[in-house]
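Each remark here refers to the structure printed beneath this line.
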Amino acid sequence: MKALKKLSLLAMLCLGLSACKKENQLTPESSTFEQKINTKAATASVQTVTAGFPETFESGSKGSYATASVTLSSGSWSLNDALIGNLAADAKNGSQSVRIRNTGIVSMNFDVNGADVVTIAHAKYGTDANSTWQLWYSTNGGSSWQQSGSTITSSSTSLTTATFNTAISGNVRFQIRKISGGTARINIDDFSISTGDGTTTPPTTPGDDSHLLMGNPSNAVASITYPENYLMERTYYSSSYSKSRGTPNWVSWHIGSADLGSTPRQDDFRSDSTLPSGWYQVSSSSYSGSGFDRGHNCPSADRTASVAANSSTFLMSNMMPQAPNNNQGPWADLENYTRSLVTAGNEVYVICGSYGSGGTGSNGGITYTIDNGRINVPSNTWKVIVVLPNGNNDLSRVTSSTRVITVNMPNTNGLNTNWKTYRTTVNAIESATGYDLLSNVPVAVQNAIEAVTDNQ
């Protein structure tokens with residue numbers, strides 16, 4: 001069963017806007033979102049990183065896979081079939097990260113007091129095959145262990161952040177267990193534990209049409225403490241941004257009939273100056289000559305009600321390097337089909353993103369990064385679309401029979417032109433990314449709709 005994640009919305013009522021189609025609709029311009037990142041409903045603004053964390057694995061050394069303990073900045077860790085790697089093939093932030101092979105285990109030899117959220121950066125080592133791993137925890141000093149969250153697949157050579165909602169009080173310690181891949185190795189870095197300060201707020205139901213109504217897939221937080229899972233809540237869409245990849249992890253938005261107008265495409269691609277100070281700002285020319293399109297996550301044509309709405313989609317923080325035949329082919333066709341559902345009397349909630357590393361653009365061959373290594377080229381692009389007839393109280397109207405369209409497309413120029421070829425399940429996307437999609441939907445409904453491949 002998935003961890004229940006709360007989403008709180010503090011908002012002003014629509015005032016004097018006749019276009020508001022819902023009784024409780026909120027105008028994005030007057031909405032302030034506060035993402036709840038654990039089941040205690042502690043607000044993100046009061047989340048505190050536990051002393052000694054994130055553990056960056058920079059302070060210790062261990063060059064052998066033999067079982068041994070090593071003292072790091074956070075405390076003593078036991079590394080079984082694991083070492084601290086510093087080779088070029090090790091995926092790492094800084095100069096070192098943990099490298100695990102076979103069914104190795106990396107375990108804390110000490111307790112911390114409480115853990116609401118655990119984030120872990122992970123990747124596969126060099127050219128090794130994909131592997132899966134799990135996070136486990138103990139509340140009795142290591143006498144017994146339980147798994148936290150779902151099994152994670154490491155398929156990218158670039159670090160990707162996995163987020164676990166733990167909501168554990170009292171003493172707790174964690175371990176990472178590699179469970180597949182044989183001699184294929186994975187890297188682990190930036191292990192972080194966050195807790196609340198005891199301040200709680202009553203959970204509230206998000207308003208209809210809010211971009212995160214279906215949930216915050218990775219529990220992204222609007223804090224520079226989370227550079228690989230940085231929450232950006234905009235008027236016209238919300239996203240989780242990765243500083244190291246130079247792209248969103250995912251983008252989430254709502255489309256209703258009021259979003260579709262006659263505003264022309266602005267084509268004003270530009271850097272995002274709202275990124276935290278010191279972060280690299282991808283520019284409009286960063287993709288030039290790469291063989292990849294500046295692929296929108298939230299599409300331009302989904303935001304044609306005003307110039308401001310359309311222009312917002314051309315921020316480079318909304319882009320991913322997309323193979324032209326992906327972006328302009330089945331991806332574009334699915335976008336057009338989605339809008340046709342809206343004009344036919346529906347509203348939709350869309351979550352899309354990318355994962356992995358290594359795509360094939362118009363220049364041929366596999367490309368892993370562009371812009372002198374500053375931007376990761378994903379191996380896959382994915383999208384989840386929840387379709388509802390127009391109405392009110394949207395979250396409560398999601399049932400086990402709600403249509404959910406999910407696709408997973410290879411980021412290559414040689415893909416099939418029919419988007420329906422790439423339909424899959426939400427569960428499959430969650431397995432590939434480590435995200436918890438549609439997390440605000442009741443668990444029983446999630447279990448039903450996330451296991452089904454759309455066939456309409």
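To be explicit about the labels: the chains of the structure tokens are called A, B, and onward in the order shown, and within each one the residues are counted from 1, while ligands get numbers from 1 in the order they are shown.
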Quick one: residues within 6 Å of Ser131 (chain A), only C-alpha atoms counted, chain neighbours fewer than 3 positions away excluded, as an mmCIF file with all heavy atoms, in the first residue's frame?
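File produced: out.cif:
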```cif
data_model
loop_
_atom_site.group_PDB
_atom_site.id
_atom_site.type_symbol
_atom_site.label_atom_id
_atom_site.label_comp_id
_atom_site.auth_asym_id
_atom_site.auth_seq_id
_atom_site.Cartn_x
_atom_site.Cartn_y
_atom_site.Cartn_z
ATOM 1 N N THR A 153 14.289 1.053 -9.476
ATOM 2 C CA THR A 153 15.166 0.598 -10.549
ATOM 3 C C THR A 153 16.165 1.696 -10.890
ATOM 4 O O THR A 153 15.778 2.841 -11.136
ATOM 5 C CB THR A 153 14.357 0.253 -11.810
ATOM 6 O OG1 THR A 153 13.431 -0.800 -11.509
ATOM 7 C CG2 THR A 153 15.279 -0.200 -12.940
ATOM 8 N N SER A 154 17.440 1.337 -10.895
ATOM 9 C CA SER A 154 18.484 2.264 -11.338
ATOM 10 C C SER A 154 18.797 1.947 -12.797
ATOM 11 O O SER A 154 19.388 0.914 -13.104
ATOM 12 C CB SER A 154 19.741 2.116 -10.473
ATOM 13 O OG SER A 154 19.499 2.541 -9.151
ATOM 14 N N SER A 180 18.845 -7.047 -7.288
ATOM 15 C CA SER A 180 18.936 -7.666 -8.608
ATOM 16 C C SER A 180 20.161 -7.152 -9.349
ATOM 17 O O SER A 180 20.837 -6.225 -8.903
ATOM 18 C CB SER A 180 17.680 -7.372 -9.432
ATOM 19 O OG SER A 180 17.753 -6.082 -10.019
ATOM 20 N N GLY A 181 20.414 -7.772 -10.495
ATOM 21 C CA GLY A 181 21.466 -7.271 -11.362
ATOM 22 C C GLY A 181 22.764 -8.031 -11.288
ATOM 23 O O GLY A 181 23.678 -7.781 -12.072
#
```
Residues at most 8 Å from region 102-108 of chain A, counting only C-alpha atoms, excluding those fewer than 3 positions away in the same chain, as a PyMOL selection string? chain A and resi 75-82+111+173-185
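The alpha helix (DSSP H) portion of region 138-311 of chain A consists of Val307, Ala308, Ala309, Asn310 and Ser311 of chain A, with states taken from DSSP on the backbone.
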Next, the residues of the selection above should be written as a CSV table (one decimal), in the first residue's frame with N, CA, C and O atoms.
```csv
chain,number,residue,atom,x,y,z
A,307,VAL,N,-1.6,35.5,-23.6
A,307,VAL,CA,-0.2,35.5,-24.0
A,307,VAL,C,0.7,35.1,-22.8
A,307,VAL,O,1.7,34.4,-23.0
A,308,ALA,N,0.3,35.5,-21.6
A,308,ALA,CA,1.1,35.1,-20.4
A,308,ALA,C,1.1,33.6,-20.2
A,308,ALA,O,2.1,33.0,-19.9
A,309,ALA,N,-0.1,33.0,-20.4
A,309,ALA,CA,-0.1,31.5,-20.3
A,309,ALA,C,0.7,30.8,-21.3
A,309,ALA,O,1.5,29.9,-20.9
A,310,ASN,N,0.6,31.2,-22.5
A,310,ASN,CA,1.4,30.6,-23.6
A,310,ASN,C,2.9,30.8,-23.4
A,310,ASN,O,3.7,29.9,-23.5
A,311,SER,N,3.3,32.0,-23.1
A,311,SER,CA,4.7,32.4,-22.9
A,311,SER,C,5.3,31.6,-21.7
A,311,SER,O,6.5,31.2,-21.8
```
Looking only at the backbone, which of the residues in region 248-366 of chain A does DSSP tag as strand (DSSP E or B), as a compact mmCIF listing (two decimals) with N, CA, C and O atoms, in the first residue's frame?
```txt
# COMPACT_ATOMS: atom_id res chain seq x y z
N PRO A 248 13.26 19.19 -16.02
CA PRO A 248 12.33 18.75 -14.99
C PRO A 248 12.38 17.24 -14.83
O PRO A 248 12.65 16.51 -15.79
N ASN A 249 12.15 16.77 -13.63
CA ASN A 249 11.88 15.35 -13.42
C ASN A 249 10.49 15.02 -13.92
O ASN A 249 10.27 14.00 -14.57
N TRP A 250 9.56 15.90 -13.57
CA TRP A 250 8.18 15.78 -14.03
C TRP A 250 7.52 17.15 -14.02
O TRP A 250 7.99 18.08 -13.34
N VAL A 251 6.45 17.30 -14.79
CA VAL A 251 5.63 18.51 -14.81
C VAL A 251 4.17 18.07 -14.72
O VAL A 251 3.78 17.06 -15.32
N SER A 252 3.37 18.80 -13.97
CA SER A 252 1.98 18.42 -13.74
C SER A 252 1.08 19.63 -14.00
O SER A 252 1.40 20.74 -13.57
N TRP A 253 -0.05 19.40 -14.69
CA TRP A 253 -0.96 20.52 -14.99
C TRP A 253 -2.37 20.01 -15.30
O TRP A 253 -2.57 18.83 -15.58
N HIS A 254 -3.31 20.92 -15.21
CA HIS A 254 -4.72 20.65 -15.51
C HIS A 254 -5.09 21.36 -16.81
O HIS A 254 -4.60 22.46 -17.10
N ILE A 255 -5.91 20.72 -17.61
CA ILE A 255 -6.44 21.36 -18.83
C ILE A 255 -7.95 21.31 -18.79
O ILE A 255 -8.55 20.23 -18.69
N ARG A 270 13.43 30.98 -23.45
CA ARG A 270 14.30 31.83 -22.64
C ARG A 270 14.71 31.11 -21.36
O ARG A 270 14.06 30.16 -20.92
N ASP A 293 15.22 18.38 -30.15
CA ASP A 293 14.29 19.50 -30.03
C ASP A 293 14.26 20.02 -28.60
O ASP A 293 14.55 19.28 -27.65
N ARG A 294 13.89 21.29 -28.48
CA ARG A 294 13.55 21.83 -27.17
C ARG A 294 12.12 21.36 -26.88
O ARG A 294 11.15 22.04 -27.21
N GLY A 295 12.03 20.19 -26.30
CA GLY A 295 10.74 19.54 -26.13
C GLY A 295 9.99 20.04 -24.90
O GLY A 295 10.48 19.93 -23.78
N HIS A 296 8.79 20.59 -25.13
CA HIS A 296 7.96 21.04 -24.01
C HIS A 296 7.51 19.87 -23.16
O HIS A 296 7.16 18.81 -23.69
N LEU A 315 9.67 28.75 -21.01
CA LEU A 315 10.82 28.78 -20.12
C LEU A 315 11.62 27.50 -20.33
O LEU A 315 11.05 26.40 -20.43
N MET A 319 11.62 22.46 -20.48
CA MET A 319 12.05 21.71 -21.66
C MET A 319 12.84 20.46 -21.30
O MET A 319 13.46 20.38 -20.25
N MET A 320 12.84 19.52 -22.25
CA MET A 320 13.72 18.35 -22.19
C MET A 320 14.25 18.09 -23.59
O MET A 320 13.56 18.36 -24.58
N PRO A 321 15.50 17.60 -23.72
CA PRO A 321 16.03 17.26 -25.04
C PRO A 321 15.26 16.07 -25.61
O PRO A 321 15.33 14.96 -25.08
N GLN A 322 14.50 16.33 -26.66
CA GLN A 322 13.60 15.32 -27.19
C GLN A 322 13.95 15.03 -28.65
O GLN A 322 14.13 15.95 -29.46
N ASN A 346 -14.59 17.11 -21.70
CA ASN A 346 -13.86 16.57 -20.55
C ASN A 346 -12.85 17.58 -20.02
O ASN A 346 -12.57 18.59 -20.67
N GLU A 347 -12.32 17.30 -18.86
CA GLU A 347 -11.15 18.00 -18.34
C GLU A 347 -10.12 16.93 -18.00
O GLU A 347 -10.48 15.78 -17.73
N VAL A 348 -8.85 17.29 -18.06
CA VAL A 348 -7.82 16.29 -17.85
C VAL A 348 -6.76 16.80 -16.89
O VAL A 348 -6.50 18.00 -16.82
N TYR A 349 -6.17 15.89 -16.16
CA TYR A 349 -5.00 16.15 -15.32
C TYR A 349 -3.84 15.37 -15.94
O TYR A 349 -3.95 14.16 -16.16
N VAL A 350 -2.75 16.09 -16.22
CA VAL A 350 -1.63 15.49 -16.93
C VAL A 350 -0.38 15.57 -16.07
O VAL A 350 -0.09 16.60 -15.46
N ILE A 351 0.35 14.48 -16.02
CA ILE A 351 1.68 14.45 -15.40
C ILE A 351 2.61 13.83 -16.45
O ILE A 351 2.30 12.77 -16.99
N CYS A 352 3.70 14.51 -16.75
CA CYS A 352 4.62 13.93 -17.72
C CYS A 352 6.05 14.20 -17.28
O CYS A 352 6.31 15.05 -16.42
N GLY A 353 6.98 13.48 -17.87
CA GLY A 353 8.37 13.68 -17.52
C GLY A 353 9.27 12.79 -18.35
O GLY A 353 8.88 12.26 -19.39
N SER A 354 10.48 12.63 -17.87
CA SER A 354 11.47 11.82 -18.57
C SER A 354 12.36 11.14 -17.54
O SER A 354 12.41 11.55 -16.38
N TYR A 355 13.05 10.11 -17.97
CA TYR A 355 13.99 9.44 -17.07
C TYR A 355 15.09 8.78 -17.90
O TYR A 355 15.03 8.71 -19.13
N GLY A 359 19.74 9.25 -25.45
CA GLY A 359 18.74 9.29 -26.51
C GLY A 359 19.41 9.41 -27.86
O GLY A 359 20.60 9.74 -27.96
```
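With only C-alpha atoms as the atoms that count, the minimum distance from Asn336 (chain A) to the choices A:Val112, A:Val70, A:Ala301, A:Leu83 is reached by A:Ala301.
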Would you pick out the contacts of Ile370 (chain A) at 12 Å or less, using only C-alpha atoms, so that residues sharing its chain but fewer than 6 positions from it are not included, and give the list as a PDB file with C-alpha atoms, in the first residue's frame?
```
ATOM      1  CA  ARG A 245      20.131  17.165 -15.163  1.00  0.00           C
ATOM      2  CA  GLY A 246      19.058  20.654 -16.254  1.00  0.00           C
ATOM      3  CA  THR A 247      15.523  19.406 -16.918  1.00  0.00           C
ATOM      4  CA  VAL A 282      19.690  26.583 -19.529  1.00  0.00           C
ATOM      5  CA  SER A 285      20.554  28.192 -27.539  1.00  0.00           C
ATOM      6  CA  SER A 286      21.696  25.382 -25.238  1.00  0.00           C
ATOM      7  CA  TYR A 287      20.169  22.725 -27.523  1.00  0.00           C
ATOM      8  CA  SER A 288      21.589  24.226 -30.749  1.00  0.00           C
ATOM      9  CA  GLY A 289      23.292  21.658 -32.993  1.00  0.00           C
ATOM     10  CA  SER A 290      22.543  18.828 -30.565  1.00  0.00           C
ATOM     11  CA  GLY A 291      20.117  16.984 -32.813  1.00  0.00           C
ATOM     12  CA  PHE A 292      17.377  17.296 -30.183  1.00  0.00           C
ATOM     13  CA  ASP A 293      14.288  19.495 -30.032  1.00  0.00           C
ATOM     14  CA  ARG A 294      13.545  21.834 -27.167  1.00  0.00           C
ATOM     15  CA  MET A 320      13.716  18.348 -22.189  1.00  0.00           C
ATOM     16  CA  PRO A 321      16.035  17.262 -25.039  1.00  0.00           C
ATOM     17  CA  GLN A 322      13.598  15.315 -27.194  1.00  0.00           C
ATOM     18  CA  SER A 357      20.100   8.824 -19.906  1.00  0.00           C
ATOM     19  CA  GLY A 358      20.959   8.323 -23.576  1.00  0.00           C
ATOM     20  CA  GLY A 359      18.738   9.288 -26.505  1.00  0.00           C
ATOM     21  CA  THR A 360      19.167   9.244 -30.269  1.00  0.00           C
ATOM     22  CA  GLY A 361      18.461  12.499 -32.079  1.00  0.00           C
ATOM     23  CA  ASN A 376      21.026  15.218 -19.480  1.00  0.00           C
ATOM     24  CA  VAL A 377      19.442  13.598 -22.539  1.00  0.00           C
ATOM     25  CA  PRO A 378      16.745  11.190 -21.285  1.00  0.00           C
TER      26      PRO A 378
END
```
What does the distance from CA of Val384 (chain A) to CA of Thr406 (chain A) come to in Å, to one decimal? 4.4 Å
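Distances here use only C-alpha atoms; by that measure, the residue among A:Ser150, A:Asn372, A:Thr195, A:Gln96 closest to Tyr435 (chain A) is A:Ser150.
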Selection near Arg397 (chain A), 10 Å with only C-alpha atoms, sequence-local residues under 5 positions removed, as number ranges by chain: A: 388-389, 391-392, 402, 441
Can you write just those residues out, N, CA and C atoms, as an mmCIF file, in the first residue's frame?
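result32.cif written:
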```cif
data_model
loop_
_atom_site.group_PDB
_atom_site.id
_atom_site.type_symbol
_atom_site.label_atom_id
_atom_site.label_comp_id
_atom_site.auth_asym_id
_atom_site.auth_seq_id
_atom_site.Cartn_x
_atom_site.Cartn_y
_atom_site.Cartn_z
ATOM 1 N N LEU A 388 -11.599 13.134 -16.962
ATOM 2 C CA LEU A 388 -12.847 13.259 -16.212
ATOM 3 C C LEU A 388 -13.858 14.075 -17.015
ATOM 4 N N PRO A 389 -15.141 13.712 -17.001
ATOM 5 C CA PRO A 389 -16.149 14.595 -17.586
ATOM 6 C C PRO A 389 -16.150 15.912 -16.811
ATOM 7 N N GLY A 391 -16.998 18.800 -14.470
ATOM 8 C CA GLY A 391 -17.788 18.751 -13.247
ATOM 9 C C GLY A 391 -17.041 19.357 -12.084
ATOM 10 N N ASN A 392 -17.580 19.163 -10.884
ATOM 11 C CA ASN A 392 -16.986 19.679 -9.661
ATOM 12 C C ASN A 392 -16.440 18.534 -8.804
ATOM 13 N N THR A 402 -12.328 5.210 -13.955
ATOM 14 C CA THR A 402 -11.833 6.425 -14.614
ATOM 15 C C THR A 402 -10.788 6.069 -15.666
ATOM 16 N N VAL A 441 -5.202 10.181 -4.777
ATOM 17 C CA VAL A 441 -6.361 9.338 -5.034
ATOM 18 C C VAL A 441 -6.413 8.239 -3.970
#
```
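Distance check against Ala222 (chain A) using only C-alpha atoms: of A:Tyr125, A:Tyr241, A:Phe191, A:Tyr236, the minimum falls on A:Tyr241.
Compared by their closest atoms to Val117 (chain A), and using only C-alpha atoms, the residues A:Ala220, A:Leu341, A:Leu334, A:Leu159 rank with A:Ala220 nearest.
By only C-alpha atoms, and with residues fewer than 3 positions from Val445 (chain A) along its chain excluded, the set lying at most 8 Å from it is Val398, Thr399, Ser400, Val441, Pro442, Ala448 and Ile449 of chain A.
Of the listed residues A:Ser244, A:Asn187, A:Asn440, A:Thr304, the one whose atoms come nearest to Asp394 (chain A) is A:Asn440, with distances taken using only C-alpha atoms.
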Between CA of Trp419 (chain A) and CA of Asn455 (chain A), what is the spacing in Å? 11.9 Å
As a ChimeraX atom specification, please: the residues near Asn427 (chain A) (cut-off 7 Å, only C-alpha atoms, same-chain neighbours under 4 positions excluded). /A:431,450-451
Nearest to Met232 (chain A), chosen from A:Gly215, A:Gly126, A:Gly207, A:Pro276, with only C-alpha atoms counted in the distances: A:Pro276
